[in-house]
>>> print(open('data_24.tsv').read())   # TSV, C-alpha atoms
chain	number	residue	atom	x	y	z
A	1300	MET	CA	128.91	51.22	63.39
A	1301	THR	CA	132.64	50.99	64.05
A	1302	GLN	CA	133.58	49.25	67.27
A	1303	ALA	CA	136.21	50.52	69.68
A	1304	ARG	CA	139.79	49.38	69.31
A	1305	LEU	CA	140.73	47.01	72.12
A	1306	MET	CA	143.80	48.20	74.04
A	1307	ASP	CA	146.34	45.37	74.19
A	1308	CYS	CA	147.47	45.76	77.78
A	1309	THR	CA	149.08	42.32	77.94
A	1310	ALA	CA	151.54	43.00	75.12
A	1311	LEU	CA	152.64	46.32	76.59
A	1312	ALA	CA	152.97	44.79	80.06
A	1313	ARG	CA	155.09	41.98	78.65
A	1314	ARG	CA	157.41	44.53	77.05
A	1315	ILE	CA	157.75	46.51	80.29
A	1316	VAL	CA	158.56	43.32	82.22
A	1317	GLY	CA	161.11	42.38	79.56
A	1318	ASP	CA	162.82	45.77	79.86
A	1319	ALA	CA	162.79	45.45	83.66
A	1320	ALA	CA	164.41	42.01	83.36
A	1321	LYS	CA	167.27	43.49	81.31
A	1322	LYS	CA	167.78	46.24	83.91
A	1323	ALA	CA	167.67	43.69	86.73
A	1324	ALA	CA	170.24	41.49	85.00
A	1325	GLY	CA	172.56	44.45	84.51
A	1326	LEU	CA	172.13	45.50	88.13
A	1327	SER	CA	172.88	41.99	89.37
A	1328	GLU	CA	175.99	41.83	87.22
A	1329	ARG	CA	177.29	45.18	88.49
A	1330	THR	CA	176.50	44.71	92.16
A	1331	GLY	CA	176.18	40.99	92.73
A	1332	THR	CA	172.71	41.65	94.15
A	1333	ALA	CA	169.36	40.95	92.53
A	1334	PRO	CA	166.40	43.26	93.17
A	1335	CYS	CA	164.15	41.86	95.91
A	1336	LEU	CA	160.43	42.44	96.40
A	1337	ALA	CA	158.83	41.46	99.71
A	1338	THR	CA	155.11	40.67	99.48
A	1339	VAL	CA	153.14	40.71	102.73
A	1340	LEU	CA	149.81	38.90	102.93
A	1341	VAL	CA	147.52	38.97	105.96
A	1342	GLY	CA	145.18	35.98	106.04
A	1343	ALA	CA	144.32	33.70	103.16
A	1344	ASP	CA	141.72	35.51	101.07
A	1345	PRO	CA	141.54	33.41	97.86
A	1346	ALA	CA	141.69	36.39	95.51
A	1347	SER	CA	144.64	37.90	97.39
A	1348	VAL	CA	146.48	34.56	97.39
A	1349	THR	CA	145.98	34.35	93.63
A	1350	TYR	CA	147.23	37.92	93.10
A	1351	VAL	CA	150.33	37.31	95.19
A	1352	ARG	CA	151.11	34.09	93.34
A	1353	MET	CA	150.73	35.92	90.03
A	1354	LYS	CA	153.11	38.63	91.18
A	1355	GLN	CA	155.63	36.03	92.31
A	1356	ASN	CA	155.53	34.41	88.87
A	1357	ARG	CA	156.08	37.77	87.19
A	1358	CYS	CA	158.99	38.45	89.56
A	1359	ARG	CA	160.76	35.38	88.21
A	1360	GLU	CA	160.22	36.61	84.66
A	1361	ALA	CA	161.75	39.98	85.55
A	1362	GLY	CA	164.77	38.61	87.43
A	1363	VAL	CA	163.40	39.94	90.72
A	1364	GLU	CA	163.71	37.86	93.87
A	1365	SER	CA	160.43	37.40	95.72
A	1366	ARG	CA	160.27	37.15	99.51
A	1367	HIS	CA	156.80	36.19	100.66
A	1368	VAL	CA	155.67	37.00	104.20
A	1369	ALA	CA	152.43	35.21	105.15
A	1370	LEU	CA	150.78	36.46	108.34
A	1371	PRO	CA	147.74	35.02	110.17
A	1372	ALA	CA	144.35	36.62	109.59
A	1373	ALA	CA	144.30	37.61	113.27
A	1374	THR	CA	147.46	39.74	112.91
A	1375	THR	CA	146.99	43.06	114.70
A	1376	THR	CA	147.82	46.51	113.39
A	1377	ALA	CA	150.82	46.71	115.73
A	1378	GLU	CA	152.15	43.34	114.59
A	1379	LEU	CA	151.75	44.23	110.92
A	1380	VAL	CA	153.37	47.64	111.40
A	1381	ALA	CA	156.30	45.98	113.18
A	1382	LYS	CA	156.82	43.51	110.32
A	1383	LEU	CA	156.68	46.25	107.69
A	1384	ARG	CA	159.18	48.37	109.62
A	1385	GLU	CA	161.44	45.34	109.90
A	1386	LEU	CA	161.33	44.85	106.13
A	1387	SER	CA	161.89	48.57	105.59
A	1388	ALA	CA	165.09	48.33	107.63
A	1389	ASP	CA	166.33	45.20	105.84
A	1390	PRO	CA	168.98	46.14	103.23
A	1391	GLY	CA	168.27	42.89	101.39
A	1392	VAL	CA	164.73	44.05	100.57
A	1393	HIS	CA	164.38	46.79	97.93
A	1394	GLY	CA	160.61	46.96	97.52
A	1395	ILE	CA	157.62	46.15	99.72
A	1396	LEU	CA	154.10	45.25	98.67
A	1397	LEU	CA	151.34	44.95	101.26
A	1398	GLN	CA	148.55	42.99	99.61
A	1399	HIS	CA	145.23	44.57	100.40
A	1400	PRO	CA	142.63	44.33	101.79
A	1401	VAL	CA	144.14	43.41	105.15
A	1402	GLY	CA	140.98	42.86	107.21
A	1403	ASP	CA	138.63	45.32	108.87
A	1404	HIS	CA	140.35	44.99	112.24
A	1405	VAL	CA	143.63	46.37	110.83
A	1406	ASP	CA	144.35	50.08	110.33
A	1407	GLU	CA	145.42	49.81	106.71
A	1408	ARG	CA	146.68	53.40	106.52
A	1409	ALA	CA	148.91	52.91	109.56
A	1410	ALA	CA	150.29	49.78	107.89
A	1411	PHE	CA	150.98	51.58	104.62
A	1412	GLU	CA	152.78	54.38	106.45
A	1413	ALA	CA	155.12	51.83	108.06
A	1414	ILE	CA	156.64	51.23	104.61
A	1415	ALA	CA	159.76	53.30	103.97
A	1416	PRO	CA	159.09	55.69	101.04
A	1417	GLU	CA	162.19	54.49	99.18
A	1418	LYS	CA	160.74	50.96	99.24
A	1419	ASP	CA	157.13	51.92	98.52
A	1420	VAL	CA	157.13	50.43	95.03
A	1421	ASP	CA	153.33	50.08	95.13
A	1422	GLY	CA	152.93	53.84	95.65
A	1423	VAL	CA	150.60	53.66	98.66
A	1424	THR	CA	152.15	56.01	101.23
A	1425	PHE	CA	151.41	59.66	101.88
A	1426	ALA	CA	154.92	60.43	100.62
A	1427	SER	CA	154.28	58.72	97.30
A	1428	PHE	CA	150.96	60.50	96.83
A	1429	ALA	CA	152.69	63.83	97.48
A	1430	THR	CA	155.47	63.18	94.98
A	1431	MET	CA	152.88	62.09	92.39
A	1432	SER	CA	150.83	65.21	93.00
A	1433	PHE	CA	153.79	67.59	92.81
A	1434	GLY	CA	155.59	65.83	89.96
A	1435	LEU	CA	158.63	65.02	92.10
A	1436	PRO	CA	160.83	61.92	91.89
A	1437	GLY	CA	159.25	58.95	93.61
A	1438	PHE	CA	157.01	55.98	92.98
A	1439	VAL	CA	153.55	56.20	91.46
A	1440	SER	CA	150.61	54.06	92.50
A	1441	CYS	CA	150.95	51.07	90.23
A	1442	THR	CA	147.53	50.91	88.59
A	1443	PRO	CA	147.37	54.68	87.89
A	1444	GLY	CA	150.95	54.60	86.62
A	1445	GLY	CA	150.09	51.69	84.37
A	1446	ILE	CA	147.04	53.53	83.03
A	1447	LEU	CA	149.16	56.55	82.05
A	1448	ARG	CA	151.66	54.28	80.30
A	1449	LEU	CA	148.77	52.69	78.42
A	1450	LEU	CA	147.50	56.08	77.26
A	1451	ASP	CA	151.00	56.95	76.06
A	1452	GLU	CA	151.26	53.66	74.18
A	1453	TYR	CA	148.12	54.46	72.21
A	1454	GLY	CA	149.02	58.07	71.54
A	1455	VAL	CA	146.37	59.53	73.84
A	1456	ASP	CA	147.58	62.93	75.05
A	1457	PRO	CA	145.45	64.01	78.05
A	1458	ALA	CA	146.37	67.70	77.57
A	1459	GLY	CA	143.24	69.78	77.14
A	1460	LYS	CA	140.93	66.77	77.37
A	1461	ARG	CA	138.14	66.27	79.87
A	1462	ALA	CA	138.87	63.26	82.07
A	1463	VAL	CA	136.27	61.78	84.38
A	1464	VAL	CA	137.53	59.49	87.13
A	1465	VAL	CA	134.76	57.41	88.69
A	1466	GLY	CA	136.18	56.34	92.04
A	1467	ARG	CA	138.06	58.04	94.85
A	1468	SER	CA	140.21	55.39	96.51
A	1469	ALA	CA	143.58	56.46	97.88
A	1470	ILE	CA	145.52	54.06	95.67
A	1471	LEU	CA	143.59	54.30	92.41
A	1472	GLY	CA	140.95	56.98	91.90
A	1473	LYS	CA	142.65	59.90	93.62
A	1474	PRO	CA	146.18	59.30	92.27
A	1475	VAL	CA	145.11	58.64	88.67
A	1476	GLY	CA	143.27	61.95	88.75
A	1477	MET	CA	146.41	63.72	89.95
A	1478	LEU	CA	148.53	62.09	87.25
A	1479	LEU	CA	146.04	63.15	84.58
A	1480	LEU	CA	145.97	66.67	86.00
A	1481	ALA	CA	149.76	66.78	85.77
A	1482	ARG	CA	149.35	65.98	82.07
A	1483	ASP	CA	147.08	69.04	81.69
A	1484	ALA	CA	143.77	67.20	81.56
A	1485	THR	CA	140.71	68.83	83.10
A	1486	VAL	CA	139.78	66.27	85.74
A	1487	THR	CA	136.42	65.61	87.35
A	1488	TYR	CA	136.18	63.15	90.22
A	1489	CYS	CA	132.94	61.19	90.51
A	1490	HIS	CA	131.91	58.29	92.73
A	1491	SER	CA	129.01	56.04	93.66
A	1492	ARG	CA	127.13	58.93	95.25
A	1493	THR	CA	127.57	61.44	92.45
A	1494	ARG	CA	124.27	62.90	91.35
A	1495	ASP	CA	123.58	62.44	87.64
A	1496	LEU	CA	126.76	60.47	87.01
A	1497	SER	CA	125.62	59.86	83.45
A	1498	ALA	CA	125.77	63.58	82.64
A	1499	ALA	CA	129.35	63.83	83.87
A	1500	VAL	CA	130.47	60.76	81.94
A	1501	ARG	CA	128.86	62.03	78.72
A	1502	GLU	CA	131.25	65.02	78.80
A	1503	ALA	CA	134.39	62.89	79.15
A	1504	ASP	CA	137.04	62.39	76.49
A	1505	ILE	CA	138.74	59.96	78.88
A	1506	VAL	CA	136.81	57.80	81.34
A	1507	VAL	CA	138.57	55.91	84.14
A	1508	ALA	CA	136.15	53.60	85.93
A	1509	ALA	CA	137.45	52.53	89.33
A	1510	VAL	CA	134.52	52.42	91.73
A	1511	GLY	CA	133.89	48.70	92.17
A	1512	ARG	CA	130.30	48.63	90.89
A	1513	PRO	CA	129.60	46.09	88.12
A	1514	ARG	CA	128.55	47.68	84.82
A	1515	LEU	CA	127.92	51.04	86.48
A	1516	ILE	CA	129.06	52.91	83.36
A	1517	ARG	CA	126.67	52.27	80.47
A	1518	GLY	CA	127.48	52.51	76.81
A	1519	GLN	CA	124.75	55.10	76.20
A	1520	ASP	CA	126.62	57.45	78.53
A	1521	ILE	CA	129.96	57.17	76.70
A	1522	LYS	CA	130.83	60.12	74.49
A	1523	PRO	CA	131.39	58.88	70.93
A	1524	GLY	CA	135.13	58.53	70.36
A	1525	ALA	CA	136.03	58.55	74.07
A	1526	VAL	CA	138.84	56.49	75.62
A	1527	VAL	CA	137.50	54.12	78.26
A	1528	ILE	CA	139.76	52.61	80.91
A	1529	ASP	CA	137.96	50.04	83.04
A	1530	ALA	CA	139.97	49.59	86.24
A	1531	GLY	CA	137.10	47.91	88.07
A	1532	TYR	CA	137.01	44.24	88.90
A	1533	ASN	CA	133.93	42.51	90.28
A	1534	PRO	CA	132.99	38.87	90.86
A	1535	GLY	CA	132.51	36.97	87.64
A	1536	ASN	CA	135.23	38.89	85.76
A	1537	ILE	CA	132.93	41.87	85.35
A	1538	GLY	CA	134.23	45.40	85.09
A	1539	ASP	CA	132.72	48.73	86.11
A	1540	VAL	CA	131.86	49.42	82.47
A	1541	ASP	CA	129.18	47.62	80.48
A	1542	PHE	CA	131.66	46.50	77.85
A	1543	ASP	CA	129.22	45.24	75.23
A	1544	SER	CA	127.43	48.57	74.92
A	1545	ALA	CA	130.48	50.80	75.52
A	1546	VAL	CA	132.47	49.15	72.76
A	1547	GLU	CA	129.92	50.49	70.27
A	1548	ARG	CA	130.70	54.13	71.15
A	1549	ALA	CA	134.26	54.37	72.47
A	1550	ALA	CA	137.34	54.76	70.28
A	1551	LEU	CA	139.60	52.81	72.64
A	1552	ILE	CA	138.65	50.52	75.51
A	1553	THR	CA	140.33	48.11	77.93
A	1554	PRO	CA	139.05	44.57	78.53
A	1555	VAL	CA	138.21	42.95	81.87
A	1556	PRO	CA	140.00	40.77	82.76
A	1557	GLY	CA	143.38	41.22	81.07
A	1558	GLY	CA	143.22	45.01	80.99
A	1559	VAL	CA	144.86	47.21	83.58
A	1560	GLY	CA	145.77	44.21	85.77
A	1561	PRO	CA	148.87	43.22	83.76
A	1562	MET	CA	149.91	46.88	83.61
A	1563	THR	CA	149.70	47.13	87.41
A	1564	ILE	CA	152.06	44.20	87.92
A	1565	ALA	CA	154.45	45.41	85.21
A	1566	THR	CA	154.67	48.84	86.85
A	1567	LEU	CA	155.29	47.21	90.24
A	1568	LEU	CA	158.22	45.19	88.89
A	1569	GLU	CA	159.69	48.12	86.99
A	1570	GLN	CA	159.58	50.26	90.13
A	1571	THR	CA	161.13	47.47	92.21
A	1572	VAL	CA	164.11	47.33	89.87
A	1573	ASP	CA	164.41	51.14	89.95
A	1574	ALA	CA	164.21	51.09	93.76
A	1575	ALA	CA	167.02	48.52	93.93
A	1576	ALA	CA	169.18	50.58	91.59
A	1577	ARG	CA	168.75	53.66	93.79
A	1578	GLN	CA	169.42	51.81	97.02
A	1579	LEU	CA	172.48	50.05	95.61
A	1580	ALA	CA	173.61	53.32	93.97
A	1581	ALA	CA	174.16	51.47	90.72
>>> encode(input="data_24.tsv", output="structure tokens")
Amino acid sequence: MTQARLMDCTALARRIVGDAAKKAAGLSERTGTAPCLATVLVGADPASVTYVRMKQNRCREAGVESRHVALPAATTTAELVAKLRELSADPGVHGILLQHPVGDHVDERAAFEAIAPEKDVDGVTFASFATMSFGLPGFVSCTPGGILRLLDEYGVDPAGKRAVVVGRSAILGKPVGMLLLARDATVTYCHSRTRDLSAAVREADIVVAAVGRPRLIRGQDIKPGAVVIDAGYNPGNIGDVDFDSAVERAALITPVPGGVGPMTIATLLEQTVDAAARQLAA
């Protein structure tokens, strides 16, 4: 039996970051200003600290300045909103990333909405979701945007295909479904409470797993020749798809780790450079 082709997300992400670095260098030369991404972290969750550090390292590779704002775990919604509004009003900051989760005591949606749409390079605001849904200029949610770039890289045209998105989060499941719909896919949203999830997945030409349940999607439920994008990440470097069994049936599949993660960061940096270019009118 032929195994699925592994999608090389790291190589594509490296190329995107390289292109962003060239754009950033040109922008800096024309304006005397380098693109700047502000990362805001509430508390010291180990995984979040690691993600932020990774993003800071990639910023350096892309010629993007990184301004890190570390806030105490006890930061209130009002305090976080005030800081995000302050960054939104700062002309020296071109993009803002609020690392999530932010803690159960914080109204995460209120915090997201404090980010100015023109600086929402992570694509988390209502405004960004609307522009994604209506195909208008704006910033896409980074992981969904990275997934669409990955499909393009491997010549997967969603038009006319059945796409099943397993997950309904505001920054991954819902927006990736809208982006696929805009590419003329027939999209079905599923989630952890979907009855007979296996039946829905078996119909899918494209599966996007983003529900946060380890190995929820089994290989026996993958349609032979399907494209499988595992956007889940669970403790122990385990995805939402049972990779070992799915690789026996899929045509293309992403690994975990090293799959959509690098694409997310690459999209973030690319959008930060684009945001700076728009704000500097260069």
>>> residues_around(input="data_24.tsv", residues="segment 1414-1418 of chain A", least_positions_apart="6", cutoff="6 Å", atoms="all atoms listed in the file", output="VMD selection string")
chain A and resid 1383 1387 1393 to 1395
>>> residues_around(input="data_24.tsv", residues="segment 1437-1444 of chain A", least_positions_apart="4", cutoff="8 Å", atoms="all atoms listed in the file", output="list in words")
Glu1417, Asp1419, Val1420, Asp1421, Gly1422, Val1423, Ser1427, Phe1428, Thr1430, Met1431, Arg1448, Ile1470, Leu1471, Gly1472, Pro1474, Val1475, Leu1478, Val1559, Gly1560, Met1562, Thr1563, Ile1564, Thr1566, Leu1567 and Gln1570 of chain A
>>> closest_residue(input="data_24.tsv", among="A:Glu1364, A:Asp1307, A:Asp1456, A:Asp1406", to="Thr1571 of chain A", atoms="only C-alpha atoms")
A:Glu1364
>>> residues_around(input="data_24.tsv", residues="Thr1374 of chain A", least_positions_apart="4", cutoff="8 Å", atoms="all atoms listed in the file", output="MDAnalysis selection string")
chainID A and resid 1341 1370 1378:1379 1405
>>> write_last_selection(input="data_24.tsv", atoms="C-alpha atoms", output="CSV table (one decimal), in the coordinates of the input")
chain,number,residue,atom,x,y,z
A,1341,VAL,CA,147.5,39.0,106.0
A,1370,LEU,CA,150.8,36.5,108.3
A,1378,GLU,CA,152.2,43.3,114.6
A,1379,LEU,CA,151.8,44.2,110.9
A,1405,VAL,CA,143.6,46.4,110.8
>>> closest_residue(input="data_24.tsv", among="A:Met1477, A:Val1506, A:Ile1446, A:Ala1565", to="Asp1318 of chain A", atoms="all atoms listed in the file")
A:Ala1565
>>> atom_distance(input="data_24.tsv", atom1="atom CA of Val1368 of chain A", atom2="atom CA of Arg1314 of chain A")
28.2 Å
>>> atom_distance(input="data_24.tsv", atom1="atom CA of Gly1476 of chain A", atom2="atom CA of Thr1493 of chain A")
16.1 Å
>>> closest_atom_pairs(input="data_24.tsv", of="segment 1416-1479 of chain A", to="segment 1495-1503 of chain A", cutoff="10 Å", atoms="only C-alpha atoms", output="JSON lines")
{"residue": "A:Lys1460", "atom": "CA", "partner": "A:Ala1503", "partner_atom": "CA", "distance": 7.8}
{"residue": "A:Arg1461", "atom": "CA", "partner": "A:Ala1503", "partner_atom": "CA", "distance": 5.1}
{"residue": "A:Ala1462", "atom": "CA", "partner": "A:Ala1503", "partner_atom": "CA", "distance": 5.4}
{"residue": "A:Val1463", "atom": "CA", "partner": "A:Ala1503", "partner_atom": "CA", "distance": 5.7}
{"residue": "A:Val1464", "atom": "CA", "partner": "A:Val1500", "partner_atom": "CA", "distance": 8.9}
{"residue": "A:Val1465", "atom": "CA", "partner": "A:Val1500", "partner_atom": "CA", "distance": 8.7}
>>> write_last_selection(input="data_24.tsv", atoms="C-alpha atoms", output="PDB file, keeping the file's coordinate frame")
ATOM      1  CA  LYS A1460     140.930  66.770  77.370  1.00  0.00           C
ATOM      2  CA  ARG A1461     138.140  66.270  79.870  1.00  0.00           C
ATOM      3  CA  ALA A1462     138.870  63.260  82.070  1.00  0.00           C
ATOM      4  CA  VAL A1463     136.270  61.780  84.380  1.00  0.00           C
ATOM      5  CA  VAL A1464     137.530  59.490  87.130  1.00  0.00           C
ATOM      6  CA  VAL A1465     134.760  57.410  88.690  1.00  0.00           C
TER       7      VAL A1465
END
>>> atom_distance(input="data_24.tsv", atom1="atom CA of Arg1482 of chain A", atom2="atom CA of Ala1458 of chain A")
5.7 Å
>>> residues_around(input="data_24.tsv", residues="Thr1301 of chain A", least_positions_apart="6", cutoff="10 Å", atoms="only C-alpha atoms", output="list in words")
Val1546, Glu1547, Arg1548, Ala1549 and Ala1550 of chain A
>>> residues_around(input="data_24.tsv", residues="Lys1321 of chain A", least_positions_apart="5", cutoff="10 Å", atoms="only C-alpha atoms", output="PyMOL selection string")
chain A and resi 1316+1326-1327+1361-1362+1572
>>> closest_residue(input="data_24.tsv", among="A:Ala1530, A:Ala1426, A:Ile1505, A:Ala1369", to="Ser1468 of chain A", atoms="only C-alpha atoms")
A:Ala1530
>>> closest_residue(input="data_24.tsv", among="A:Leu1435, A:Ala1508, A:Ala1310, A:Ala1373", to="Ser1491 of chain A", atoms="all atoms listed in the file")
A:Ala1508
>>> closest_residue(input="data_24.tsv", among="A:Met1353, A:Ile1521, A:Cys1358, A:Ala1409", to="Val1380 of chain A", atoms="only C-alpha atoms")
A:Ala1409
>>> closest_residue(input="data_24.tsv", among="A:Val1510, A:Ala1580, A:Val1526, A:Ile1552", to="Tyr1488 of chain A", atoms="all atoms listed in the file")
A:Val1510
